[in-house]
Amino acid sequence: MKILVTGANGYLGQGVVRQLLDDGMDVIATDYSCENVDDRAIKKECDLFSIVSPYDYFDKPEVVLHMAWRNGFVHNALNHIEDIPNHYMFLKRLVDEGIKKVAVIGSMHEIGFYEGSINENTPTNPMSLYGVGKDALRRTVQLMCNEANIPYQWLRGYYIVGNTKFGCSIFSKITAAETDGKELFPFTSGQNQWDFIDYDEFCAQVSAAVSQDEVNGIINICSGRPEKLADRVERFIKDNNYNIKLDYGKFPDRKYDSKAVWGDDKKIKDIIELKSKG
């Protein structure tokens with residue numbers, strides 16, 4: 001399978017490209033810069049949205065995995081709304097020119113404030129511009145692919161745990177603070193319960209999903225269980241032998257963050273089972 005991966009030089013893109021290559025895919029990786037992308041991939045550095053005929057430019061891939069997105073951790077940045085037409089037109093050009101499947105990385109922030117298990121039928125009510133932008137793209141991609149009669153996958157990501165300091169997640173920020181010799185890390189109450197998935201497992205699930213065609217639509221990339229934020233962060237600090245301590249109560253909990261939410265993992269389990277059977 002020849003797969004085009006956008007946003008390949010990003011924190012998540014690097015790991016997903018590496019996993020796809022390990023799983024035997026032919027990967028065309030694209031970003032403004034591809035300096036950190038696995039050298040086994042074909043690299044194309046460009047402004048994605050300026051390509052007039054992306055299907056030909058990227059050597060006629062069978063599948064696109066669209067991971068490109070700006071300011072994912074700045075939840076109310078205006079670009080989440082301003083960029084929607086660019087994302088849509090890029091994917092539409094690929095569909096019109098002959099691509100066989102569209103996969104896009106989504107976010108549980110599309111759901112908005114919710115408590116309980118999220119599945120593909122859970123209504124969306126996003127409460128940030130990031131969530132609104134992702135949800136709008138999801139709806140348009142679904143319509144686009146249905147009209148073209150090709151499969152689409154919306155890979156809805158949850159809270160990803162990794163120990164690189166390059167990133168904007170709380171885990172990256174703690175790693176950076178530890179590297180800088182900080183003794184305390186300002187923290188919330190930590191009582192929210194969320195679905196945490198380790199970085200390597202996230203990459204493995206994304207690769208497994210896009211590598212098959214039997215399970216499509218909205219697919220949760222998740223652990224399938226909730227865990228208290230404080231417990232997961234304390235465990236992260238312990239597992240990495242960090243000395244830093246959490247300074248509880250320094251930041252308020254965000255009003256739009258769910259108290260307890262997690263992904264229904266039935267579809268991804270079915271995909272992993274299919275993969276195990278070859």
# chains A, B, ... in the order shown; residues from 1 in each chain; ligands from 1

call {"tool": "residues_around", "arguments": {"residues": "segment 43-52 of chain A", "least_positions_apart": "5", "cutoff": "8 Å", "atoms": "only C-alpha atoms", "output": "PyMOL selection string"}}
result
chain A and resi 6+28-34+37+57-58+86-87+90+93

call {"tool": "residues_around", "arguments": {"residues": "Gly157 of chain A", "least_positions_apart": "2", "cutoff": "8 Å", "atoms": "only C-alpha atoms", "output": "list in words"}}
result
Ile105, Gly106, Ser107, Met108, Leu155, Tyr159, Ile160, Asn220, Ile221 and Cys222 of chain A

call {"tool": "residues_around", "arguments": {"residues": "Gln193 of chain A", "least_positions_apart": "2", "cutoff": "6 Å", "atoms": "only C-alpha atoms", "output": "VMD selection string"}}
result
chain A and resid 226 to 229 259 to 260

call {"tool": "closest_residue", "arguments": {"among": "A:Leu4, A:Ala148, A:Leu137, A:Ile118", "to": "Val261 of chain A", "atoms": "only C-alpha atoms"}}
result
A:Ile118

call {"tool": "closest_atom_pairs", "arguments": {"of": "segment 119-214 of chain A", "to": "segment 241-245 of chain A", "cutoff": "10 Å", "atoms": "only C-alpha atoms", "output": "JSON lines"}}
result
{"residue": "A:Ile174", "atom": "CA", "partner": "A:Ile244", "partner_atom": "CA", "distance": 8.0}
{"residue": "A:Thr175", "atom": "CA", "partner": "A:Tyr242", "partner_atom": "CA", "distance": 8.2}
{"residue": "A:Ala177", "atom": "CA", "partner": "A:Ile244", "partner_atom": "CA", "distance": 7.9}
{"residue": "A:Glu178", "atom": "CA", "partner": "A:Ile244", "partner_atom": "CA", "distance": 6.0}
{"residue": "A:Thr179", "atom": "CA", "partner": "A:Tyr242", "partner_atom": "CA", "distance": 9.1}
{"residue": "A:Gly181", "atom": "CA", "partner": "A:Ile244", "partner_atom": "CA", "distance": 8.0}
{"residue": "A:Lys182", "atom": "CA", "partner": "A:Ile244", "partner_atom": "CA", "distance": 6.5}
{"residue": "A:Glu183", "atom": "CA", "partner": "A:Ile244", "partner_atom": "CA", "distance": 4.8}
{"residue": "A:Leu184", "atom": "CA", "partner": "A:Lys245", "partner_atom": "CA", "distance": 4.9}
{"residue": "A:Phe185", "atom": "CA", "partner": "A:Lys245", "partner_atom": "CA", "distance": 6.1}
{"residue": "A:Pro186", "atom": "CA", "partner": "A:Lys245", "partner_atom": "CA", "distance": 8.9}
{"residue": "A:Phe187", "atom": "CA", "partner": "A:Lys245", "partner_atom": "CA", "distance": 9.7}

call {"tool": "closest_residue", "arguments": {"among": "A:Gly24, A:Gly112, A:Gly15, A:Gly162", "to": "Asp239 of chain A", "atoms": "only C-alpha atoms"}}
result
A:Gly162
